[in-house]
Amino acid sequence: MQILLNGERIVTRARDLDELCASLGFAGARIATAVNGNFVAAGRRAKTKLTPADAIEIVAPRQGG
Amino acid sequence: MQILLNGERIVTRARDLDELCASLGFAGARIATAVNGNFVAAGRRAKTKLTPADAIEIVAPRQGG
Amino acid sequence: MQILLNGERIVTRARDLDELCASLGFAGARIATAVNGNFVAAGRRAKTKLTPADAIEIVAPRQGG
Amino acid sequence: MQILLNGERIVTRARDLDELCASLGFAGARIATAVNGNFVAAGRRAKTKLTPADAIEIVAPRQGG
Amino acid sequence: MLTLYDARFASRLLLGTAQYPSPDTLKRAVEAARAEIVTVSVRRESARARTGQGFWQLIEQLGCRVLPNTAGCRTAKEAVSTARMARELFGTPWIKLEVIANDDTLQPDLFSLVEAANILCAEGFEVLPYTTEDLSAAERLVAAGCTVLMPWAAPIGSARGLINKTGLKTLRAYFPGVTLIVDAGIGAPSHAAEVMELGYDAVLLNTAVAKAGDPVTMAQAFARAIEAGRFAFEAGLIEPSDMATPSTPVAGTPFKIDSVS
Amino acid sequence: MLTLYDARFASRLLLGTAQYPSPDTLKRAVEAARAEIVTVSVRRESARARTGQGFWQLIEQLGCRVLPNTAGCRTAKEAVSTARMARELFGTPWIKLEVIANDDTLQPDLFSLVEAANILCAEGFEVLPYTTEDLSAAERLVAAGCTVLMPWAAPIGSARGLINKTGLKTLRAYFPGVTLIVDAGIGAPSHAAEVMELGYDAVLLNTAVAKAGDPVTMAQAFARAIEAGRFAFEAGLIEPSDMATPSTPVAGTPFKIDSVS
Amino acid sequence: MLTLYDARFASRLLLGTAQYPSPDTLKRAVEAARAEIVTVSVRRESARARTGQGFWQLIEQLGCRVLPNTAGCRTAKEAVSTARMARELFGTPWIKLEVIANDDTLQPDLFSLVEAANILCAEGFEVLPYTTEDLSAAERLVAAGCTVLMPWAAPIGSARGLINKTGLKTLRAYFPGVTLIVDAGIGAPSHAAEVMELGYDAVLLNTAVAKAGDPVTMAQAFARAIEAGRFAFEAGLIEPSDMATPSTPVAGTPFKIDSVS
Amino acid sequence: MLTLYDARFASRLLLGTAQYPSPDTLKRAVEAARAEIVTVSVRRESARARTGQGFWQLIEQLGCRVLPNTAGCRTAKEAVSTARMARELFGTPWIKLEVIANDDTLQPDLFSLVEAANILCAEGFEVLPYTTEDLSAAERLVAAGCTVLMPWAAPIGSARGLINKTGLKTLRAYFPGVTLIVDAGIGAPSHAAEVMELGYDAVLLNTAVAKAGDPVTMAQAFARAIEAGRFAFEAGLIEPSDMATPSTPVAGTPFKIDSVS
């Protein structure tokens, strides 16, 4: 299935958001997620099924002013 | 009937806004009117019945910056 | 003899500046002196004769900005 | 004789300032003159003998702010 | 020419009509200013005093186009009703839309302003909103349909001039196609000239003229300053520099010997 | 009327003649400015080029009174000699006395300036000294016999406007009877208006007009700004305030219920 | 003590973490500033680079409380989602709420800001909104539940200092009970001191420290300036005056004869 | 380190001793400021009151080096005699040389100042002249032998801060090797920081501390502001810019779709 991850098209076999994060090596990492512009809490990732063309954001802490 | 005219309580026998304006000598005067915060066009004054405690505004041109 | 001491007329019997200072209780005090607009060093006070109408300044430390 | 005219070395046969001006075609021109830093009025040019190394200024109107 | 919606004007000075020592002074000030537009308000009419009827005659004599305001309104609703009354009263679609956030600063309430502008533009009003230099409000006012914006220079009647010149400059740069009029806070002709030098299209004034020692002369002063600023904008100002540069030519300076060869 | 020694002028704008794109532009700018006085300088004349002879004809066509300067002089002696040459050259007792402290700022050297002013006043010159806002120099220039002082607003050609407005105000207050002309640093008509609003008698300009995109229009802009500032000074400006004050009357504002009795 | 919602801090300097030449410089700058709060952002994490994971370790070493921002958001929706991600990521209810009107000025979009603040406050966030000096926006933000406001001094990164000091003063006067922090536009310690002298509660800085020649020393400079300004506010500044007043006593000045009786 | 002639000091704040509510406040303010130098004056001593004798004891307790002034002098002669008395009285070659042009502005009389400086330098005094930002006076003072100059920021006691920042900047640029101390006109710590950011070597203050609501806290405020400004000068300030620049990185901003390939 093709999705948009952080603005870039990728192909994934993950069925839900949790699997996607794990497949990217983010298990245990300090990240937060959103699907199609809406925040998805860590506890709800496994319940969040992916659909083709979903726009996924996986974010982490960064420098800021 | 007691109404509020330009913020002051008055007693009037006028039944509609047109009569009220006439009774105040404003027939033919350059005025505009509102009832309970809403503008009432000149052509609709006769159709605008007065109800006790109505808040009537009768305004005219004045200096402005 | 009448002199001007710090802008005020006084009468003194002192014949020189050193005597004047002593007569005012300034012996040993932290003061500096001028006669007729010119500085007179401490060591020259005894040699500085007074003349009627001399303008004497006796000054001391004071607050300043 | 070598002189300094307006900051440049020139050789002239003129014996006085008036001759120098004339030799340069300035007869009748709107000019003013100075020799060695001092103004020389028009009427005194003929009386002003030139000496080798004299610094002559011949000036005219110019734009100014 | 100044363009306000589809009308065009030679004068770039809009004059308020309040606070003059006498009606005659107002008249002469308007003439001296060569103003073509004057601002007016809508106020309660007393059956006895009939003040507004007399004032209307004065306005008619001025021969100017009137720009009614909604001065003193504190909510969008009040401003909208006032605007509607003004349209009937003065027979003009123009409205100087003013919604005030508080009495101490008389700052525009940007939120109620945008709300009212949306309603009035939709009703066919030609809205001239009294606003600040804020870009996010400006964007929404333009989106509502305003083709004229009237930012303040400083609080009404304060006479302080351009308290945020940077903000006014930025607004001008962001809205090159919008007619921008500085309204409020101008105290001196030099302020008005400064505004016009920034490329603003016009200036709206009241207190600085009406309360001057001699309002008629002051009206003339502002008229010339505004022309001056406009001419300067059109002519192209020189850039300020940190360094001095001689105006008189340096070449040929007498008594200099450094050119000796 | 502007009074310079015993001469009087309707125009309060003195214009420099340098840096224009062409002689014709200079001419039209002087006309547009309605200037009655122009500044000129004294420079070395080349026998071949005879530049000054041509320039003189141009100046005669302008029909203005000329004010020669001593631009570029670094010592009192140079300035005095230059002034004497200028007097003969232009047939005027007027001299814009300029002695410069250094090339980067073109700041007046106040000490040499006072020295030269003393010599020239004693010789009957009518000295218009280019000075700063410094009061101690002003006192000595007035004591020397100057009845006109020409403080800078900012360094020559910098176009920065009034960098020390407080100082200029104080100078005006201290010398109410002296003709004060701001000379140097003016970049925009708003600066000129501001100077005039302070009660200054005139403005002397060059670069801001000559180097403008369109010098002729800019000359006109400055002329109007200076009139504007003068009118404002005469009419009496309102005082700035920290608070806002409504211009439109508050009494009679529609929809207010606080007056219910 | 600085109060932010129910937390209290000795330091009144909040420091950004971006743009430092190295992580080590950031660390030393935070120490030199004695900052107790640092701002951070939320950015896309690459599976390869895992930049954010490393940055998080750095932040933990700083021992500061973190204030995440919504920098770069252009709509209320984006800002709200970013805030929710930040809350989970950093485990804090604090959010520096930033909704930008355009890229050139990075001015807050006041309308979207208020919209987002209403949503986030309702969700229990402790919102620190990046706003302007606008009073009508401030009123709505406070009504939404913000007890801290963070107006700009000038555009982000511009280093221009207080471009509208009057506006900042008025905001302080209008919201005496709200914690006010100047965020953005501060370029020099003197700017920070000026803000604090106005009675502002704190200053949030980033570029002026991070891009300084020596960020660590500059951090120290700002820390002292902010203390200086706060002390001055508490101690009570003297009022400026137009006139000079001698500091040294006049009485007893030597050589004066006017006291001769 | 601050260098004044051949002495060196850690503190860059020189404090005046006049106008404090009590001697004890003065003492505590000097301590809080960590001042190493205090200014004093020379005044007529009354045989009865002997005020100066008591003041001297207070000064001795402060443990500071004293800098006597010639405050109130109106002529070079008065200033020279006062300086000579001060040298004997305080046992120091230092003199803060002050010759005043008039009582309203307390502006230095540059001409008398230079005259007195020439005499005193020749007599071995170490002259710290109270001057203005004028370059031509500065040149003559340096030529006279002054290695320290003390320009005003604004009139004494006016608390207005840097009324001619451009002039102070230029002075700094022109005399890189001279110790420059701003003396007079500083009203707030932010002013002092601003002066130091320009690269000035020190600040001399009196009224702003002594007449503050709480002089001791204000002394501390100024001390920190001066350190802040010095650190900032040494660390290298960022340049102001007309444009905004994001501090938070733009790359990786969530929800952006423009990077979709």
# chains A, B, ... in the order shown; residues from 1 in each chain; ligands from 1

call {"tool": "residues_around", "arguments": {"residues": "region 49-61 of chain B", "least_positions_apart": "6", "cutoff": "7 Å", "atoms": "only C-alpha atoms", "output": "PyMOL selection string"}}
result
(chain B and resi 1-6+15-17+30-36) or (chain E and resi 40-45+52+55-56+89) or (chain F and resi 254)

call {"tool": "residues_around", "arguments": {"residues": "region 163-180 of chain H", "least_positions_apart": "5", "cutoff": "6 Å", "atoms": "only C-alpha atoms", "output": "PyMOL selection string"}}
result
(chain F and resi 164) or (chain H and resi 133+147-150+154+200-201)

call {"tool": "interface_residues", "arguments": {"of": "chain D", "to": "chain E", "cutoff": "6 Å", "atoms": "only C-alpha atoms", "output": "list in words"}}
result
Gly7, Glu8, Gly64 and Gly65 of chain D

call {"tool": "residues_around", "arguments": {"residues": "Leu205 (chain E)", "least_positions_apart": "3", "cutoff": "7 Å", "atoms": "only C-alpha atoms", "output": "NGL selection string"}}
result
:E and (14-16 or 183-184 or 186 or 208)

call {"tool": "write_last_selection", "arguments": {"atoms": "C-alpha atoms", "output": "PDB file, in the first residue's frame"}}
result
ATOM      1  CA  LEU E  14      -9.963  63.439   4.177  1.00  0.00           C
ATOM      2  CA  LEU E  15     -11.111  65.784   6.901  1.00  0.00           C
ATOM      3  CA  GLY E  16     -13.176  65.154  10.016  1.00  0.00           C
ATOM      4  CA  ASP E 183      -6.586  57.359   9.925  1.00  0.00           C
ATOM      5  CA  ALA E 184      -5.904  58.520  13.483  1.00  0.00           C
ATOM      6  CA  ILE E 186      -1.530  62.230  13.054  1.00  0.00           C
ATOM      7  CA  ALA E 208      -4.900  67.989  14.543  1.00  0.00           C
TER       8      ALA E 208
END

call {"tool": "interface_residues", "arguments": {"of": "chain H", "to": "chain F", "cutoff": "6 Å", "atoms": "only C-alpha atoms", "output": "CSV table (one decimal) with all heavy atoms, in the first residue's frame"}}
result
chain,number,residue,atom,x,y,z
H,101,ALA,N,28.1,75.8,29.9
H,101,ALA,CA,27.7,76.9,29.0
H,101,ALA,C,26.5,77.7,29.5
H,101,ALA,O,26.4,78.9,29.3
H,101,ALA,CB,27.4,76.4,27.6
H,109,ASP,N,30.6,73.9,27.9
H,109,ASP,CA,31.1,75.0,27.1
H,109,ASP,C,32.4,74.5,26.4
H,109,ASP,O,33.5,74.5,27.1
H,109,ASP,CB,31.4,76.3,27.9
H,109,ASP,CG,31.9,77.4,27.0
H,109,ASP,OD1,32.6,77.1,26.0
H,109,ASP,OD2,31.7,78.5,27.4
H,136,SER,N,35.2,67.8,16.9
H,136,SER,CA,36.2,68.8,16.9
H,136,SER,C,36.7,69.2,18.3
H,136,SER,O,37.9,69.4,18.5
H,136,SER,CB,35.8,70.1,16.1
H,136,SER,OG,34.7,70.7,16.7
H,164,ASN,N,21.5,61.4,21.1
H,164,ASN,CA,22.2,61.4,19.8
H,164,ASN,C,23.1,60.2,19.7
H,164,ASN,O,24.3,60.3,19.7
H,164,ASN,CB,23.0,62.7,19.6
H,164,ASN,CG,23.6,62.8,18.2
H,164,ASN,OD1,23.5,61.9,17.4
H,164,ASN,ND2,24.3,63.9,18.0

call {"tool": "select_by_dssp", "arguments": {"residues": "region 24-59 of chain E", "states": "strand (DSSP E or B)", "output": "NGL selection string"}}
result
:E and (37-44)

call {"tool": "write_last_selection", "arguments": {"atoms": "N, CA, C and O atoms", "output": "short mmCIF file (atom, residue, chain, number, x, y, z; two decimals), in the first residue's frame"}}
result
data_model
loop_
_atom_site.label_atom_id
_atom_site.label_comp_id
_atom_site.auth_asym_id
_atom_site.auth_seq_id
_atom_site.Cartn_x
_atom_site.Cartn_y
_atom_site.Cartn_z
N ILE E 37 -13.64 65.09 0.62
CA ILE E 37 -14.36 64.11 1.43
C ILE E 37 -14.30 64.54 2.88
O ILE E 37 -13.23 64.88 3.38
N VAL E 38 -15.45 64.51 3.55
CA VAL E 38 -15.45 64.80 4.99
C VAL E 38 -16.14 63.66 5.73
O VAL E 38 -17.05 63.02 5.20
N THR E 39 -15.66 63.41 6.93
CA THR E 39 -16.29 62.36 7.73
C THR E 39 -17.37 62.95 8.62
O THR E 39 -17.27 64.09 9.07
N VAL E 40 -18.39 62.16 8.84
CA VAL E 40 -19.52 62.57 9.67
C VAL E 40 -19.92 61.38 10.53
O VAL E 40 -19.45 60.27 10.31
N SER E 41 -20.81 61.63 11.48
CA SER E 41 -21.27 60.52 12.31
C SER E 41 -22.79 60.51 12.37
O SER E 41 -23.47 61.36 11.77
N VAL E 42 -23.29 59.54 13.07
CA VAL E 42 -24.72 59.32 13.28
C VAL E 42 -24.94 59.41 14.78
O VAL E 42 -24.32 58.66 15.53
N ARG E 43 -25.78 60.36 15.19
CA ARG E 43 -26.00 60.51 16.62
C ARG E 43 -27.48 60.69 16.90
O ARG E 43 -28.25 61.09 16.02
N ARG E 44 -27.89 60.40 18.10
CA ARG E 44 -29.28 60.53 18.50
C ARG E 44 -29.78 61.95 18.28
O ARG E 44 -29.09 62.91 18.62
#

call {"tool": "atom_distance", "arguments": {"atom1": "CA of Phe9 (chain E)", "atom2": "CA of Gln57 (chain E)"}}
result
23.0 Å

call {"tool": "decode", "arguments": {"residues": "region 101-117 of chain G", "atoms": "all heavy atoms", "output": "short mmCIF file (atom, residue, chain, number, x, y, z; two decimals), in the first residue's frame"}}
result
data_model
loop_
_atom_site.label_atom_id
_atom_site.label_comp_id
_atom_site.auth_asym_id
_atom_site.auth_seq_id
_atom_site.Cartn_x
_atom_site.Cartn_y
_atom_site.Cartn_z
N ALA G 101 1.06 34.29 10.08
CA ALA G 101 0.24 34.84 9.01
C ALA G 101 0.94 34.78 7.66
O ALA G 101 0.29 34.63 6.63
CB ALA G 101 -0.15 36.29 9.32
N ASN G 102 2.24 34.94 7.65
CA ASN G 102 2.97 34.87 6.38
C ASN G 102 4.45 34.67 6.66
O ASN G 102 4.92 34.91 7.77
CB ASN G 102 2.73 36.14 5.54
CG ASN G 102 3.16 37.38 6.29
OD1 ASN G 102 4.33 37.55 6.60
ND2 ASN G 102 2.21 38.24 6.60
N ASP G 103 5.17 34.26 5.61
CA ASP G 103 6.56 33.87 5.83
C ASP G 103 7.52 35.05 5.91
O ASP G 103 8.62 34.91 6.43
CB ASP G 103 7.01 32.92 4.71
CG ASP G 103 6.33 31.57 4.83
OD1 ASP G 103 5.92 31.22 5.95
OD2 ASP G 103 6.23 30.88 3.82
N ASP G 104 7.11 36.19 5.38
CA ASP G 104 8.06 37.31 5.35
C ASP G 104 8.17 38.00 6.70
O ASP G 104 9.24 38.44 7.09
CB ASP G 104 7.62 38.34 4.31
CG ASP G 104 7.54 37.71 2.95
OD1 ASP G 104 8.56 37.65 2.26
OD2 ASP G 104 6.44 37.25 2.59
N THR G 105 7.06 38.11 7.36
CA THR G 105 7.10 38.81 8.65
C THR G 105 7.04 37.83 9.81
O THR G 105 7.38 38.17 10.91
CB THR G 105 5.91 39.76 8.79
OG1 THR G 105 4.71 38.97 8.84
CG2 THR G 105 5.82 40.72 7.62
N LEU G 106 6.57 36.62 9.55
CA LEU G 106 6.31 35.65 10.63
C LEU G 106 5.43 36.27 11.70
O LEU G 106 5.50 35.91 12.87
CB LEU G 106 7.63 35.14 11.22
CG LEU G 106 8.58 34.47 10.21
CD1 LEU G 106 9.89 34.11 10.90
CD2 LEU G 106 7.95 33.22 9.63
N GLN G 107 4.59 37.21 11.29
CA GLN G 107 3.64 37.82 12.21
C GLN G 107 2.61 36.79 12.65
O GLN G 107 2.20 35.96 11.84
CB GLN G 107 2.94 38.98 11.50
CG GLN G 107 2.25 39.92 12.47
CD GLN G 107 0.94 40.46 11.95
OE1 GLN G 107 0.94 41.34 11.11
NE2 GLN G 107 -0.18 39.95 12.45
N PRO G 108 2.21 36.81 13.92
CA PRO G 108 1.13 35.94 14.34
C PRO G 108 -0.15 36.22 13.53
O PRO G 108 -0.45 37.37 13.23
CB PRO G 108 0.88 36.34 15.80
CG PRO G 108 2.11 37.05 16.24
CD PRO G 108 2.74 37.64 15.02
N ASP G 109 -0.84 35.15 13.18
CA ASP G 109 -2.18 35.31 12.62
C ASP G 109 -3.13 35.33 13.82
O ASP G 109 -3.45 34.29 14.41
CB ASP G 109 -2.50 34.13 11.70
CG ASP G 109 -3.90 34.27 11.11
OD1 ASP G 109 -4.78 34.89 11.76
OD2 ASP G 109 -4.13 33.76 10.01
N LEU G 110 -3.57 36.52 14.19
CA LEU G 110 -4.29 36.68 15.45
C LEU G 110 -5.59 35.88 15.47
O LEU G 110 -6.02 35.39 16.52
CB LEU G 110 -4.60 38.16 15.70
CG LEU G 110 -3.36 39.06 15.78
CD1 LEU G 110 -3.79 40.50 16.02
CD2 LEU G 110 -2.41 38.61 16.88
N PHE G 111 -6.21 35.72 14.33
CA PHE G 111 -7.52 35.07 14.26
C PHE G 111 -7.37 33.56 14.47
O PHE G 111 -8.09 32.96 15.27
CB PHE G 111 -8.20 35.41 12.94
CG PHE G 111 -8.46 36.88 12.82
CD1 PHE G 111 -7.45 37.77 12.43
CD2 PHE G 111 -9.69 37.41 13.16
CE1 PHE G 111 -7.68 39.13 12.36
CE2 PHE G 111 -9.93 38.77 13.08
CZ PHE G 111 -8.91 39.64 12.69
N SER G 112 -6.43 32.98 13.75
CA SER G 112 -6.19 31.55 13.93
C SER G 112 -5.61 31.27 15.30
O SER G 112 -5.86 30.22 15.90
CB SER G 112 -5.22 31.05 12.85
OG SER G 112 -5.77 31.31 11.57
N LEU G 113 -4.84 32.20 15.81
CA LEU G 113 -4.24 32.05 17.14
C LEU G 113 -5.33 31.94 18.21
O LEU G 113 -5.29 31.05 19.07
CB LEU G 113 -3.34 33.26 17.42
CG LEU G 113 -2.64 33.29 18.76
CD1 LEU G 113 -1.61 32.17 18.84
CD2 LEU G 113 -1.97 34.65 18.99
N VAL G 114 -6.29 32.83 18.13
CA VAL G 114 -7.37 32.83 19.12
C VAL G 114 -8.20 31.55 18.97
O VAL G 114 -8.57 30.91 19.96
CB VAL G 114 -8.25 34.09 18.97
CG1 VAL G 114 -9.55 33.96 19.75
CG2 VAL G 114 -7.46 35.33 19.41
N GLU G 115 -8.45 31.17 17.74
CA GLU G 115 -9.20 29.94 17.48
C GLU G 115 -8.50 28.74 18.11
O GLU G 115 -9.11 27.95 18.84
CB GLU G 115 -9.34 29.77 15.95
CG GLU G 115 -10.24 28.64 15.52
CD GLU G 115 -10.16 28.43 13.99
OE1 GLU G 115 -9.74 29.38 13.27
OE2 GLU G 115 -10.48 27.32 13.53
N ALA G 116 -7.20 28.62 17.85
CA ALA G 116 -6.45 27.49 18.39
C ALA G 116 -6.35 27.56 19.91
O ALA G 116 -6.44 26.54 20.60
CB ALA G 116 -5.05 27.45 17.77
N ALA G 117 -6.18 28.76 20.44
CA ALA G 117 -6.07 28.92 21.90
C ALA G 117 -7.34 28.46 22.57
O ALA G 117 -7.31 27.82 23.63
CB ALA G 117 -5.76 30.37 22.26
#
